[in-house]
Structure formats: C-alpha cells, structure tokens
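Visitor: Structure incoming, see below.
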Amino acid sequence: MAMAFNHTHHLASLTSLCNSTLSSSILLKFPFRSLPLSPTRYSSRTIKSATSSSFTWEDVFQISQSQHNDSSDLQGFFDKINLCNRNSEKHSEFVPFVVVDQIVGYVHNGFADHLRRFADVFIFPKNNSHGCRFGYHVTLHPMLRTPEVMTSAVEDVVKCLGEELIPGIRNELYPVTSCFGTPVFFSLERAAAPYFGIKAYGVHMNGYVERDGQKYLWIGKRSELKPTYPGMLDHLVAGGLPHGIPCGENLVKECEEEAGIPKSISSEAIPVGAVSYMDIDGYRFKRDVLFCYDLKLPEDFTPKNQGKPRKTP
C-alpha cells in the first residue's frame with residue numbers, strides 16, 4: 001500500500017522558478033516586502049524576460065513597479081489570469097441567490113431546477129428587481145428564521161442532492177455573507193459553495209529562505225488524492241477560511257498542519273495582498289478571494305506535513 005500526504009515540498013531557487021510562467025507570475029504579483037523599493041521607474045523593455053535564466057529578485061521589483069509595462073513580457077501571467085476567470089460571458093445563465101434582501105451568491109438556472117424539489121427550503125419569487133433575465137431569484141423559505149435552522153435545512157438539501165450533483169463533500173462549513181466581515185446569514189458545505197455562487201475565502205502563503213544572498217522559495221505538491229487540483233504544484237501553505245476562524249489564526253493552524261511550522265515562526269508572516277477571481281464551469285460559479293502572505297523561514301528549516309497519511313491502492 002502506498003501512502004499519500006496532503007503535500008510534499010521542494011525548495012527551488014528563483015532562477016529555476018522563473019522558467020515557469022505560473023511561478024514567475026506569482027512572484028511578480030506579490031514581491032517580498034523585505035526587498036527595498038527602488039525610486040527609479042523602469043520600462044519593462046529594459047528588463048530581462050521573465051523566462052531568462054538570469055532573472056533576479058531585483059528584476060521582479062523593477063517590473064512590478066514599472067509604469068510602462070510591455071504586456072508581452074507578462075503574457076504567461078495574463079494567460080493564467082484568463083484561465084482563472086473563465087466563461088464570464090455565461091454569467092447571464094445564473095440567477096441571484098438572495099438572503100435577507102442581500103445578494104449572497106448566484107445559482108445556475110439549471111441547478112435551480114434541482115432545488116425546486118425542496119419547496120420547504122427554497123422559494124423562487126418572480127420579479128426582475130435584481131436584473132436577472134429569467135425574471136426570478138432564489139431565496140430561502142421564510143419559515144427558516146435563524147442561522148442554525150438555515151444551515152441545517154440547506155445541509156439536508158446538499159446531502160439529498162448527493163455526490164452526482166455536488167461531488168467532494170468535505171463536511172466543512174463556509175460562512176454565507178454579502179461580503180467579507182459582514183454578519184453571517186448561515187453556513188454552507190464547502191463543496192457546495194460554487195454551486196450557490198457564494199464568495200469563498202482562503203489564506204495562501206509563500207515560504208522562503210535566504211542562502212548566500214539569494215532567496216529560495218518552498219513549493220508544495222498536492223496529493224494525487226485531493227478532490228481539487230490533484231498532483232499540482234501549490235504554495236507552501238494554503239487553505240480555505242472556515243466559518244468562525246480569523247485569517248491570522250487560520251494561517252497559523254494551516255502552517256502547523258501542512259508544513260510543521262510552529263506558531264513562534266508563522267506568527268511573523270506578513271500580509272501582502274489579496275487575489276480574487278470568478279470562474280464559471282457548468283453549474284459552478286467560483287467567486288474566491290485569497291488572502292496572501294509571505295514568511296521568511298530559518299535557513300535550515302524543512303517543511304513536514306503533519307496530517308495523517310491516507311492509504312492508496
């Protein structure tokens with residue numbers, strides 16, 4: 001029996017990373033704050049291509065600070081952005097999901113037909129107040145008055161729909177809100193989040209070390225058994241933001257679980273920005289926001305996943 005962990009890790013220098021358009025794009029988007037900003041503005045035409053083997057951290061900063069970027073230098077980055085934001089023209093196939101007069105998500109018109117079976121949980125008022133071309137929106141039955149009751153009722157629906165419609169049930173709840181930091185209306189199974197088009201949040205962290213004046217980035221590789229993006233490269237630490245856990249606390253938890261980074265080190269992580277995207281794939285409308293962090297690790301540190309291994313044939 002082979003054993004599979006959630007992540008394996010590999011240490012790569014910036015030089016090797018920049019041979020990958022995805023890796024170089026991430027670096028360009030979120031340069032490390034420990035490097036000084038140069039007051040000089042550069043045209044990207046004067047800077048080596050991101051695929052050059054001699055591409056350096058200083059080049060990253062020069063490109064990120066340039067006011068006259070040549071988009072051809074960053075074509076790989078733009079390709080990845082376009083891939084994340086697929087099928088935006090199909091937004092019109094979705095109807096608003098409304099809770100307490102607030103749009104909290106979007107449900108595909110075809111998926112809404114499956115929800116009509118549960119008349120004691122969902123109703124479908126006919127009006128065009130939200131600008132939907134189908135002339136209705138989805139909302140919860142008015143008899144569901146508390147967050148706990150809403151959570152339980154929708155959870156039962158998700159279970160009834162089963163793996164055929166909503167695969168990869170995780171038994172992990174995401175908060176349903178109108179936007180980040182606002183009151184939570186109810187909680188929803190993580191796997192169901194894109195089927196209801198709610199905004200989902202996560203924390204992603206770059207972990208790096210400095211050796212002989214160079215910076216090296218730890219890269220994670222996802223388990224082949226993961227329900228999403230199996231076997232693909234990943235940040236050193238990344239995880240969804242469940243209901244009731246602040247970003248900083250969740251990052252510390254994920255650092256310990258995924259890389260064995262103790263709180264004494266992970267608490268030094270620096271928030272560097274956020275990435276949001278909208279991706280439509282069939283009935284799924286992913287509206288994700290990733291809160292991004294950088295963490296300088298001790299030179300002799302080696303990540304080790306702390307999760308229990310899962311058996312594979």
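Just remember, in the structure tokens the first chain shown is A, the second B, etc., residues are 1-based per chain, and ligands are 1-based in the order shown.
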Could you give me, as a ChimeraX atom specification, the residues within 6 Å of segment 288-303 of chain A, counting only C-alpha atoms and dropping anything in the same chain fewer than 3 positions from it?
Guide: /A:199-209,259-260,269-277
Visitor: Rounded to one decimal, what separation in Å do you get between atom CA of Arg86 of chain A and atom CA of Gly231 of chain A?
Guide: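 These two atoms are separated by 21.7 Å.
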Visitor: Hey, what's within 12 Å of Glu256 of chain A if we count only C-alpha atoms and toss same-chain stuff fewer than 3 positions away? As a compact mmCIF listing (two decimals) with C-alpha atoms, in the first residue's frame, please?
Guide:
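The resulting part-v3.txt:
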# COMPACT_ATOMS: atom_id res chain seq x y z
CA LEU A 236 3.92 26.08 0.80
CA VAL A 237 0.77 26.66 2.89
CA ALA A 238 -2.77 27.21 1.65
CA GLY A 239 -6.23 26.53 2.98
CA GLU A 249 -5.44 32.28 13.33
CA ASN A 250 -6.30 30.12 10.33
CA LEU A 251 -2.89 30.76 8.77
CA VAL A 252 -1.12 29.65 11.96
CA LYS A 253 -3.26 26.49 12.01
CA ALA A 259 4.26 22.30 6.86
CA GLY A 260 5.03 21.77 10.55
CA ILE A 261 5.77 25.48 11.04
CA PRO A 262 5.45 26.39 14.75
CA LYS A 263 3.45 29.42 15.86
CA SER A 264 6.65 31.16 17.00
CA ILE A 265 7.65 31.36 13.32
CA SER A 266 4.31 31.51 11.48
CA SER A 267 3.15 34.48 13.56
CA PRO A 303 8.64 21.59 5.87
CA LYS A 304 6.92 18.42 7.01
CA ASN A 305 3.22 17.75 6.59
CA GLN A 306 1.60 16.94 9.94
CA GLY A 307 -1.61 15.46 8.59
Visitor: As an exercise, work out the distance from atom CA of Pro194 of chain A to atom CA of Arg287 of chain A in Å and give it to one decimal place.
Guide: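 Distance between the two atoms: 7.3 Å.
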Visitor: Among segment 76-271 of chain A, which residues carry a DSSP assignment of strand (DSSP E), reported as a ChimeraX atom specification?
Guide: /A:94-99,102-108,122-123,138-140,173-176,186-189,199-211,214-222,233-234,237-240,270-271
